[in-house]
Amino acid sequence: METTFPMRRIIGDDGRIVDETMKDLLTAELAWRLYTEMNRIRTFDRKAINLQRQGRLGTYAPFEGQEASQVGSALALEADDWVFPTYRDHGATLTFGADMVKTFLYWNGRVEGCVPSKERHIFPPAVPIATQIPHAVGAAWAEQRRGTQNIAVAYFGDGATSEGDFHEGMNFASVFRAPVILFNQNNGYAISVPIAKQMNSETVAQKAVAYGMPGVRVDGNDAFAVYFAMKDAVSRARSGGGPTLIEAVTWRYGAHTTADDPSKYRDQERSRDKADPLTRIELFMKERGIFDEERAEAMRTKHQEEIEQAVAEMERFSKPDPNDLFDHTYAVMPAEVAQQKADYFTLRGN
Amino acid sequence: MATNINQKMTDMTLVQAVTDALRVKLREDGTTLVLGEDVGKNGGVFRATDGLQEEFGEDRVVDTPLSEAGIVGTSVGLAVNGYKPIVEIQFLGFIYPAYEQIMTHVARIRMRTMGAYSVPMVIRAPYGAGIRAPEIHSDSTEALFTQMPGLKVVCPSSPYDAKGLLIAAIEDPDPVLFLESMRSYRSSKEAVPTDKYTIEIGEGKIVREGTDVTLIAWGAMVAVAEKAALEAAEKGISCEVLDPRTLYPLDRELIATSVQKTGRAVIVHEAHAMGGLGTDLVALINDTSFLYLKAPVARVTGFDVPVPLFALEDHYMPTPARVLKSIEQTVHF
């Protein structure tokens with residue numbers, strides 16, 4: 001088992017290939033796919049921040065800077081797989097196939113935003129830290145018991161690796177050889193606390209050693225590196241090879257949420273210097289002569305339109321229904337709740 | 001509602017009735033799984049899963065790592081993906097690492113997804129003092145879980161109720177915390193049907209009929225209340241003993257009907273007084289039966305101190321003598 005964890009990269013900051021063995025796999029089609037999805041979720045992210053500033057959305061957790069990690073990992077999945085995201089992984093869930101209107105609704109405080117579509121297994125975002133990791137292990141374990149090829153992915157950040165549920169989930173995954181990917185985005189900060197204060201280990205990936213599972217460390221701003229690391233882990237899981245811990249080393253450009261100010265704990269000018277995942281793949285495409293500005297512009301326009309339409313739909317969405325406060329807590333409403341509901345509706349005069 | 005009562009009966013202790021219920025469901029429903037620490041070869045620390053791994057295999061009766069949050073957390077994933085986990089937590093006093101999973105996820109996922117996802121599971125936990133168990137093994141913190149919308153809390157006091165309620169809990173579409181009184185595990189035997197039957201969750205029962213005062217108790221305290229009722233009878237006081245059996249949702253109607261009949265109530269629980277379920281019962285009686293009351297509703301509870309090491313536990317627990325005193329004060333108010 002590997003005990004040192006160099007960061008795997010396929011393309012460098014300048015977009016040039018650094019791992020020549022992968023050269024033939026870096027097709028124009030794949031590059032465009034990654035670039036397109038990254039552009040789409042970045043446009044979503046920036047729009048969401050603007051909407052929050054205008055009071056049209058609640059507190060929002062941005063992910064700009066982490067697009068390669070989220071898109072690269074999500075594109076390696078199949079439609080029947082399970083995704084257990086955090087509140088900062090809607091870039092991944094949107095790429096995986098989550099409904100964009102619902103994603104906006106979630107950030108507007110609407111429970112409808114947590115309801116998964118029938119086509120995708122996406123758990124509502126975990127708000128406490130690391131608690132979704134055992135869930136993903138359990139869902140994967142269920143697939144394994146049924147003998148399917150489906151797998152589950154738990155998304156989590158660097159701060160989560162300090163929580164008990166991370167370690168308990170890792171241990172269960174390992175003991176039961178669950179077909180699960182523990183996908184860590186090490187974005188450098190847990191709100192304001194830098195990784196050096198979070199842990200005294202050199203890497204997150206090395207924590208896999210303790211659980212007897214493969215640990216992989218990739219440059220999380222290199223969409224190709226993330227995609228292929230994830231592909232490997234996914235195919236290992238599907239073929240009965242058990243879990244993998246992936247550490248995608250990335251960077252959150254902005255705030256933890258729209259409710260905090262990152263300049264309080266770090267230099268935001270320097271924060272911007274981190275090699276941008278979109279710029280990087282764009283440079284790669286230009287270098288390879290596969291970039292097409294006209295196509296890129298058409299893509300950007302398409303994303304703008306999609307997002308504007310989703311915003312309009314969110315804002316047109318029916319008013320919150322007080323029935324929903326009471327109706328979904330149990331399969332059959334207990335008498336107390338029914339009484340509270342009746343009293344509340346009487347008070348409201350309907 | 002009990003079903004199929006005209007069938008073969010066998011004398012069982014409460015813990016044997018639990019095992020029997022598990023066996024019935026493991027046989028009948030291939031999605032059921034028993035998960036927990038030492039539940040396999042060892043048959044559980046109280047032997048509640050004795051022989052089940054032998055009969056159903058390691059795949060269905062699973063010895064897990066020692067990890068309460070891990071057991072409950074993975075059960076969320078199993079349950080949302082088609083399985084029915086029946087989790088054993090060795091002692092209620094050891095459940096707290098899983099508290100976040102239960103509070104934040106188990107109880108909430110149906111509401112959060114408007115019913116698209118649900119996590120039907122049963123979490124069994126032996127609870128309570130009175131068996132000279134080591135420190136921290138004797139908690140009775142049911143009220144931490146009754147204020148958890150989305151979760152049901154069940155606590156049987158007899159072997160017959162234990163089997164019927166556990167089967168009902170396993171079949172329930174929502175998660176259930178199933179509390180098993182350690183003190184009642186082997187304290188008595190009663191005739192229990194060998195086949196399947198269920199008792200409706202949320203339905204209490206009158207253990208003893210009476211006219212002067214209603215004693216409300218569950219788990220190990222039912223026997224304490226019954227003993228106090230016998231002693232009270234010698235003094236000419238007729239006690240009705242009511243076992244709610246389900247602590248959430250409560251059988252409001254049964255409680256109200258009984259208290260309206262007797263005009264008095266004494267609530268007995270071994271949990272602490274402050275924030276114990278007794279305060280909710282007082283409120284329930286206040287809301288439903290205030291004008292019927294002839295005396296303030298009394299509570300006999302564990303004290304507002306941590307459950308002590310066992311040398312002091314007899315002083316901590318409500319006793320028939322304490323209950324009797326409260327009955328007399330209430331009747332002679």
# chains A, B, ... in the order shown; residues from 1 in each chain; ligands from 1
$ residues_around --residues "Leu165 (chain B)" --least-positions-apart "3" --cutoff "10 Å" --atoms "only C-alpha atoms" --output "MDAnalysis selection string"
chainID B and resid 2 18 21 154:156 159:162 168:171 178 197:203 245:246
$ write_last_selection --atoms "N, CA, C and O atoms" --output "JSON list (two decimals), in the first residue's frame"
[["chain", "number", "residue", "atom", "x", "y", "z"],
["B", 2, "ALA", "N", -54.26, -6.15, 19.28],
["B", 2, "ALA", "CA", -53.60, -7.46, 19.18],
["B", 2, "ALA", "C", -54.27, -8.28, 18.09],
["B", 2, "ALA", "O", -55.47, -8.20, 17.89],
["B", 18, "VAL", "N", -38.26, -10.44, 22.87],
["B", 18, "VAL", "CA", -37.55, -9.58, 21.92],
["B", 18, "VAL", "C", -36.88, -10.46, 20.86],
["B", 18, "VAL", "O", -37.00, -10.22, 19.65],
["B", 21, "ALA", "N", -39.40, -11.87, 18.48],
["B", 21, "ALA", "CA", -39.89, -10.88, 17.51],
["B", 21, "ALA", "C", -38.87, -10.69, 16.39],
["B", 21, "ALA", "O", -39.22, -10.61, 15.21],
["B", 154, "VAL", "N", -40.89, 3.81, 21.88],
["B", 154, "VAL", "CA", -41.72, 2.74, 22.42],
["B", 154, "VAL", "C", -41.00, 2.13, 23.62],
["B", 154, "VAL", "O", -39.77, 2.03, 23.62],
["B", 155, "CYS", "N", -41.77, 1.74, 24.64],
["B", 155, "CYS", "CA", -41.15, 1.16, 25.84],
["B", 155, "CYS", "C", -42.10, 0.14, 26.46],
["B", 155, "CYS", "O", -42.97, 0.49, 27.25],
["B", 156, "PRO", "N", -41.93, -1.13, 26.12],
["B", 156, "PRO", "CA", -42.84, -2.15, 26.66],
["B", 156, "PRO", "C", -42.48, -2.53, 28.09],
["B", 156, "PRO", "O", -41.32, -2.41, 28.50],
["B", 159, "PRO", "N", -43.47, -9.12, 28.52],
["B", 159, "PRO", "CA", -43.04, -9.93, 27.37],
["B", 159, "PRO", "C", -44.05, -9.88, 26.21],
["B", 159, "PRO", "O", -43.66, -9.73, 25.05],
["B", 160, "TYR", "N", -45.33, -9.96, 26.53],
["B", 160, "TYR", "CA", -46.35, -9.96, 25.47],
["B", 160, "TYR", "C", -46.29, -8.65, 24.69],
["B", 160, "TYR", "O", -46.27, -8.65, 23.44],
["B", 161, "ASP", "N", -46.24, -7.55, 25.42],
["B", 161, "ASP", "CA", -46.18, -6.25, 24.74],
["B", 161, "ASP", "C", -44.88, -6.10, 23.96],
["B", 161, "ASP", "O", -44.87, -5.52, 22.87],
["B", 162, "ALA", "N", -43.79, -6.61, 24.51],
["B", 162, "ALA", "CA", -42.48, -6.45, 23.86],
["B", 162, "ALA", "C", -42.49, -7.08, 22.47],
["B", 162, "ALA", "O", -42.06, -6.46, 21.49],
["B", 168, "ALA", "N", -44.34, -4.55, 15.44],
["B", 168, "ALA", "CA", -44.99, -3.35, 14.89],
["B", 168, "ALA", "C", -43.94, -2.27, 14.57],
["B", 168, "ALA", "O", -44.03, -1.58, 13.55],
["B", 169, "ALA", "N", -42.94, -2.14, 15.45],
["B", 169, "ALA", "CA", -41.90, -1.13, 15.23],
["B", 169, "ALA", "C", -41.11, -1.44, 13.97],
["B", 169, "ALA", "O", -40.78, -0.55, 13.17],
["B", 170, "ILE", "N", -40.81, -2.73, 13.77],
["B", 170, "ILE", "CA", -40.04, -3.12, 12.58],
["B", 170, "ILE", "C", -40.87, -2.87, 11.32],
["B", 170, "ILE", "O", -40.33, -2.50, 10.28],
["B", 171, "GLU", "N", -42.16, -3.01, 11.43],
["B", 171, "GLU", "CA", -43.02, -2.80, 10.26],
["B", 171, "GLU", "C", -43.41, -1.35, 10.06],
["B", 171, "GLU", "O", -44.02, -0.99, 9.05],
["B", 178, "PHE", "N", -36.66, 1.83, 20.44],
["B", 178, "PHE", "CA", -37.34, 0.79, 21.19],
["B", 178, "PHE", "C", -36.58, 0.55, 22.49],
["B", 178, "PHE", "O", -35.48, -0.01, 22.48],
["B", 197, "TYR", "N", -47.75, -11.45, 15.86],
["B", 197, "TYR", "CA", -48.87, -10.55, 16.17],
["B", 197, "TYR", "C", -48.28, -9.17, 16.38],
["B", 197, "TYR", "O", -47.07, -9.02, 16.59],
["B", 198, "THR", "N", -49.12, -8.18, 16.28],
["B", 198, "THR", "CA", -48.62, -6.81, 16.49],
["B", 198, "THR", "C", -49.50, -6.08, 17.49],
["B", 198, "THR", "O", -50.67, -6.40, 17.66],
["B", 199, "ILE", "N", -48.90, -5.11, 18.14],
["B", 199, "ILE", "CA", -49.64, -4.19, 19.01],
["B", 199, "ILE", "C", -49.43, -2.80, 18.43],
["B", 199, "ILE", "O", -48.29, -2.43, 18.11],
["B", 200, "GLU", "N", -50.48, -2.07, 18.26],
["B", 200, "GLU", "CA", -50.38, -0.78, 17.59],
["B", 200, "GLU", "C", -49.51, 0.21, 18.37],
["B", 200, "GLU", "O", -49.71, 0.39, 19.59],
["B", 201, "ILE", "N", -48.59, 0.82, 17.68],
["B", 201, "ILE", "CA", -47.76, 1.85, 18.30],
["B", 201, "ILE", "C", -48.66, 3.06, 18.57],
["B", 201, "ILE", "O", -49.47, 3.44, 17.73],
["B", 202, "GLY", "N", -48.51, 3.62, 19.77],
["B", 202, "GLY", "CA", -49.36, 4.77, 20.13],
["B", 202, "GLY", "C", -50.59, 4.37, 20.93],
["B", 202, "GLY", "O", -51.40, 5.21, 21.28],
["B", 203, "GLU", "N", -50.69, 3.06, 21.21],
["B", 203, "GLU", "CA", -51.84, 2.59, 21.99],
["B", 203, "GLU", "C", -51.38, 2.14, 23.37],
["B", 203, "GLU", "O", -50.61, 1.19, 23.49],
["B", 245, "ARG", "N", -47.09, 2.58, 27.03],
["B", 245, "ARG", "CA", -46.34, 1.67, 26.12],
["B", 245, "ARG", "C", -45.59, 2.40, 25.00],
["B", 245, "ARG", "O", -44.49, 2.01, 24.65],
["B", 246, "THR", "N", -46.22, 3.40, 24.42],
["B", 246, "THR", "CA", -45.52, 4.25, 23.46],
["B", 246, "THR", "C", -45.38, 5.62, 24.11],
["B", 246, "THR", "O", -46.36, 6.17, 24.61]]
$ closest_atom_pairs --of "chain A" --to "chain B" --cutoff "10 Å" --atoms "only C-alpha atoms" --output "tab-separated table"
residue	atom	partner	partner_atom	distance
A:Trp82	CA	B:Asn81	CA	9.5
A:Phe84	CA	B:Gly77	CA	9.7
A:Arg110	CA	B:Arg112	CA	9.8
A:Val111	CA	B:Arg112	CA	6.2
A:Glu112	CA	B:Thr113	CA	7.2
A:Gly113	CA	B:Thr113	CA	8.3
A:Cys114	CA	B:Thr113	CA	5.4
A:Val115	CA	B:Thr113	CA	4.4
A:Pro116	CA	B:Ala116	CA	7.1
A:Ser117	CA	B:Ala116	CA	8.9
A:Lys118	CA	B:Ala116	CA	8.8
A:His121	CA	B:Asn81	CA	9.5
A:Phe123	CA	B:Tyr117	CA	8.5
A:Pro124	CA	B:Thr113	CA	7.4
A:Ala126	CA	B:His105	CA	9.0
A:Val127	CA	B:Thr104	CA	9.2
A:Pro128	CA	B:Thr104	CA	8.1
A:Thr131	CA	B:Gln101	CA	6.9
A:Gln132	CA	B:Gly73	CA	7.7
A:Ile133	CA	B:Gly73	CA	7.9
A:Pro134	CA	B:Thr74	CA	4.7
A:His135	CA	B:Gly77	CA	4.2
A:Ala136	CA	B:Gly77	CA	5.9
A:Val137	CA	B:Thr74	CA	5.9
A:Gly138	CA	B:Gly77	CA	3.9
A:Ala139	CA	B:Gly77	CA	4.0
A:Ala140	CA	B:Gly77	CA	7.6
A:Trp141	CA	B:Leu78	CA	6.9
A:Ala142	CA	B:Leu78	CA	5.3
A:Glu143	CA	B:Asn81	CA	7.7
A:Arg145	CA	B:Asp59	CA	8.6
A:Arg146	CA	B:Gly82	CA	9.7
A:Ala152	CA	B:Gly77	CA	9.7
A:Gly164	CA	B:Ala69	CA	8.3
A:Asp165	CA	B:Gly70	CA	6.7
A:Phe166	CA	B:Gly70	CA	9.2
A:His167	CA	B:Gly70	CA	8.8
A:Glu168	CA	B:Gly70	CA	5.2
A:Gly169	CA	B:Gly70	CA	6.0
A:Met170	CA	B:Gly70	CA	9.3
A:Asn171	CA	B:Pro65	CA	7.9
A:Phe172	CA	B:Gly70	CA	7.0
A:Ala173	CA	B:Thr74	CA	9.2
A:Val175	CA	B:Pro65	CA	8.1
A:Phe176	CA	B:Thr64	CA	9.1
A:Asp324	CA	B:Met114	CA	7.6
A:Leu325	CA	B:Met111	CA	8.3
A:Phe326	CA	B:Met111	CA	8.6
A:Asp327	CA	B:Met111	CA	8.0
A:His328	CA	B:Met111	CA	4.7
A:Thr329	CA	B:Met111	CA	4.7
A:Tyr330	CA	B:Gly150	CA	5.7
A:Ala331	CA	B:Pro173	CA	6.4
A:Val332	CA	B:Pro173	CA	8.8
A:Met333	CA	B:Pro249	CA	9.7
A:Pro334	CA	B:Pro249	CA	6.3
A:Ala335	CA	B:Pro249	CA	7.8
A:Glu336	CA	B:Pro249	CA	7.6
A:Val337	CA	B:Pro249	CA	9.5
$ atom_distance --atom1 "CA of Thr279 (chain A)" --atom2 "CA of Tyr35 (chain A)"
9.3 Å
$ residues_around --residues "Leu245 (chain A)" --least-positions-apart "2" --cutoff "9 Å" --atoms "only C-alpha atoms" --output "list in words"
Met170, Val180, Ile181, Leu182, Phe183, Asn184, Val204, Ala205, Gln206, Lys207, Ala208, Met213, Pro214, Gly215, Val216, Arg217, Ala233, Pro243 and Glu247 of chain A
$ residues_around --residues "Ile290 (chain A)" --least-positions-apart "2" --cutoff "12 Å" --atoms "only C-alpha atoms" --output "list in words"
Leu26, Thr27, Ala28, Glu29, Leu30, Ala31, Trp32, Tyr35, Ile281, Glu282, Leu283, Phe284, Met285, Lys286, Glu287, Arg288, Asp292, Glu293, Glu294, Arg295 and Ala296 of chain A
$ write_last_selection --atoms "N, CA, C and O atoms" --output "compact mmCIF listing (two decimals), in the first residue's frame"
# COMPACT_ATOMS: atom_id res chain seq x y z
N LEU A 26 -6.68 12.58 -23.19
CA LEU A 26 -7.17 13.95 -23.02
C LEU A 26 -7.79 14.43 -24.33
O LEU A 26 -7.26 15.30 -25.02
N THR A 27 -8.93 13.87 -24.64
CA THR A 27 -9.56 14.15 -25.93
C THR A 27 -10.22 15.53 -25.93
O THR A 27 -10.53 16.09 -24.86
N ALA A 28 -10.43 16.03 -27.12
CA ALA A 28 -11.12 17.32 -27.26
C ALA A 28 -12.52 17.22 -26.66
O ALA A 28 -13.00 18.13 -25.99
N GLU A 29 -13.15 16.09 -26.89
CA GLU A 29 -14.51 15.91 -26.38
C GLU A 29 -14.56 16.02 -24.85
O GLU A 29 -15.39 16.71 -24.27
N LEU A 30 -13.61 15.31 -24.20
CA LEU A 30 -13.57 15.35 -22.74
C LEU A 30 -13.24 16.76 -22.23
O LEU A 30 -13.86 17.26 -21.28
N ALA A 31 -12.28 17.39 -22.88
CA ALA A 31 -11.90 18.74 -22.46
C ALA A 31 -13.09 19.70 -22.54
O ALA A 31 -13.36 20.47 -21.62
N TRP A 32 -13.79 19.64 -23.66
CA TRP A 32 -14.96 20.52 -23.82
C TRP A 32 -16.04 20.21 -22.79
O TRP A 32 -16.71 21.10 -22.28
N TYR A 35 -14.85 21.58 -19.45
CA TYR A 35 -14.85 23.05 -19.53
C TYR A 35 -16.27 23.60 -19.50
O TYR A 35 -16.59 24.56 -18.78
N ILE A 281 -7.77 24.76 -17.91
CA ILE A 281 -8.21 23.86 -18.99
C ILE A 281 -8.37 24.64 -20.29
O ILE A 281 -8.14 24.12 -21.39
N GLU A 282 -8.68 25.92 -20.17
CA GLU A 282 -8.78 26.76 -21.37
C GLU A 282 -7.39 26.89 -22.03
O GLU A 282 -7.25 26.76 -23.26
N LEU A 283 -6.38 27.09 -21.17
CA LEU A 283 -5.01 27.16 -21.70
C LEU A 283 -4.61 25.85 -22.38
O LEU A 283 -3.99 25.84 -23.43
N PHE A 284 -5.00 24.75 -21.74
CA PHE A 284 -4.73 23.43 -22.33
C PHE A 284 -5.37 23.33 -23.72
O PHE A 284 -4.74 22.89 -24.69
N MET A 285 -6.62 23.75 -23.79
CA MET A 285 -7.35 23.63 -25.06
C MET A 285 -6.72 24.52 -26.14
O MET A 285 -6.62 24.14 -27.30
N LYS A 286 -6.30 25.71 -25.73
CA LYS A 286 -5.65 26.61 -26.68
C LYS A 286 -4.33 26.02 -27.16
O LYS A 286 -4.02 26.02 -28.35
N GLU A 287 -3.56 25.49 -26.22
CA GLU A 287 -2.28 24.88 -26.50
C GLU A 287 -2.43 23.73 -27.51
O GLU A 287 -1.64 23.55 -28.41
N ARG A 288 -3.51 22.96 -27.32
CA ARG A 288 -3.76 21.81 -28.20
C ARG A 288 -4.50 22.21 -29.48
O ARG A 288 -4.77 21.36 -30.32
N ASP A 292 -12.19 27.05 -29.21
CA ASP A 292 -12.94 27.74 -30.25
C ASP A 292 -13.75 28.82 -29.56
O ASP A 292 -14.72 28.52 -28.85
N GLU A 293 -13.32 30.07 -29.73
CA GLU A 293 -13.94 31.17 -28.98
C GLU A 293 -15.42 31.31 -29.29
O GLU A 293 -16.23 31.61 -28.41
N GLU A 294 -15.75 31.07 -30.54
CA GLU A 294 -17.17 31.18 -30.92
C GLU A 294 -18.02 30.15 -30.18
O GLU A 294 -19.09 30.46 -29.65
N ARG A 295 -17.48 28.94 -30.13
CA ARG A 295 -18.19 27.87 -29.42
C ARG A 295 -18.29 28.19 -27.92
O ARG A 295 -19.33 27.98 -27.29
N ALA A 296 -17.20 28.72 -27.39
CA ALA A 296 -17.17 29.07 -25.97
C ALA A 296 -18.20 30.16 -25.69
O ALA A 296 -18.91 30.12 -24.68
$ closest_residue --among "A:Asp45, A:Asp13, A:Tyr87, A:Ala259" --to "Gln304 (chain A)" --atoms "only C-alpha atoms"
A:Asp45
$ residues_around --residues "region 52-68 of chain A" --least-positions-apart "2" --cutoff "8 Å" --atoms "only C-alpha atoms" --output "ChimeraX atom specification"
/A:34,38,41-42,45-46,48-50,70-72,87-89,91,104,107-109,185,187,220-223,226,250-259,276-278
$ residues_around --residues "region 305-315 of chain A" --least-positions-apart "3" --cutoff "10 Å" --atoms "only C-alpha atoms" --output "PyMOL selection string"
chain A and resi 40-41+43-44+47-48+51+56-57+99-106+108+110+299-302+318-319
$ write_last_selection --atoms "C-alpha atoms" --output "CSV table (one decimal), in the first residue's frame"
chain,number,residue,atom,x,y,z
A,40,ARG,CA,-22.0,26.3,-16.2
A,41,ILE,CA,-21.6,25.9,-12.4
A,43,THR,CA,-22.1,31.0,-13.8
A,44,PHE,CA,-24.6,29.5,-11.4
A,47,LYS,CA,-25.4,34.4,-10.1
A,48,ALA,CA,-26.3,33.0,-6.7
A,51,LEU,CA,-29.0,37.2,-5.9
A,56,ARG,CA,-33.4,37.5,-3.6
A,57,LEU,CA,-31.7,34.4,-2.0
A,99,ASP,CA,-32.5,20.2,-10.9
A,100,MET,CA,-31.3,23.7,-11.1
A,101,VAL,CA,-34.6,25.3,-10.0
A,102,LYS,CA,-34.6,23.1,-7.0
A,103,THR,CA,-31.0,24.0,-6.2
A,104,PHE,CA,-32.0,27.7,-6.2
A,105,LEU,CA,-35.1,26.9,-4.1
A,106,TYR,CA,-32.9,25.2,-1.5
A,108,ASN,CA,-34.1,30.3,-0.8
A,110,ARG,CA,-37.5,26.1,0.5
A,299,MET,CA,-21.8,28.0,-24.5
A,300,ARG,CA,-21.6,31.0,-22.1
A,301,THR,CA,-24.8,32.5,-23.6
A,302,LYS,CA,-26.6,29.2,-23.3
A,318,SER,CA,-45.7,28.9,-5.6
A,319,LYS,CA,-45.8,30.4,-2.1
$ decode --residues "region 170-200 of chain A" --atoms "C-alpha atoms" --output "PDB file, in the first residue's frame"
ATOM      1  CA  MET A 170     -14.010   5.280   6.772  1.00  0.00           C
ATOM      2  CA  ASN A 171     -13.804   2.334   9.135  1.00  0.00           C
ATOM      3  CA  PHE A 172     -17.207   0.924   8.179  1.00  0.00           C
ATOM      4  CA  ALA A 173     -16.400   1.396   4.484  1.00  0.00           C
ATOM      5  CA  SER A 174     -13.189  -0.508   4.946  1.00  0.00           C
ATOM      6  CA  VAL A 175     -14.490  -3.305   7.191  1.00  0.00           C
ATOM      7  CA  PHE A 176     -17.424  -4.044   4.871  1.00  0.00           C
ATOM      8  CA  ARG A 177     -15.547  -3.223   1.641  1.00  0.00           C
ATOM      9  CA  ALA A 178     -18.378  -0.936   0.642  1.00  0.00           C
ATOM     10  CA  PRO A 179     -18.368   0.362  -2.944  1.00  0.00           C
ATOM     11  CA  VAL A 180     -18.021   3.969  -1.879  1.00  0.00           C
ATOM     12  CA  ILE A 181     -15.769   6.895  -2.768  1.00  0.00           C
ATOM     13  CA  LEU A 182     -14.821   9.229   0.057  1.00  0.00           C
ATOM     14  CA  PHE A 183     -14.265  12.375  -1.970  1.00  0.00           C
ATOM     15  CA  ASN A 184     -12.522  15.068   0.016  1.00  0.00           C
ATOM     16  CA  GLN A 185     -12.128  18.595  -1.278  1.00  0.00           C
ATOM     17  CA  ASN A 186      -9.297  20.051   0.708  1.00  0.00           C
ATOM     18  CA  ASN A 187      -9.971  23.704  -0.030  1.00  0.00           C
ATOM     19  CA  GLY A 188      -7.516  24.989   2.529  1.00  0.00           C
ATOM     20  CA  TYR A 189      -9.960  26.400   5.034  1.00  0.00           C
ATOM     21  CA  ALA A 190     -12.746  25.260   7.342  1.00  0.00           C
ATOM     22  CA  ILE A 191     -14.495  28.643   7.532  1.00  0.00           C
ATOM     23  CA  SER A 192     -11.505  30.617   8.886  1.00  0.00           C
ATOM     24  CA  VAL A 193      -9.265  27.854  10.198  1.00  0.00           C
ATOM     25  CA  PRO A 194      -6.463  26.902   7.802  1.00  0.00           C
ATOM     26  CA  ILE A 195      -5.594  23.268   7.166  1.00  0.00           C
ATOM     27  CA  ALA A 196      -2.347  23.556   9.158  1.00  0.00           C
ATOM     28  CA  LYS A 197      -4.425  24.176  12.264  1.00  0.00           C
ATOM     29  CA  GLN A 198      -6.934  21.525  11.320  1.00  0.00           C
ATOM     30  CA  MET A 199      -4.553  18.602  11.238  1.00  0.00           C
ATOM     31  CA  ASN A 200      -0.956  17.696  11.900  1.00  0.00           C
TER      32      ASN A 200
END
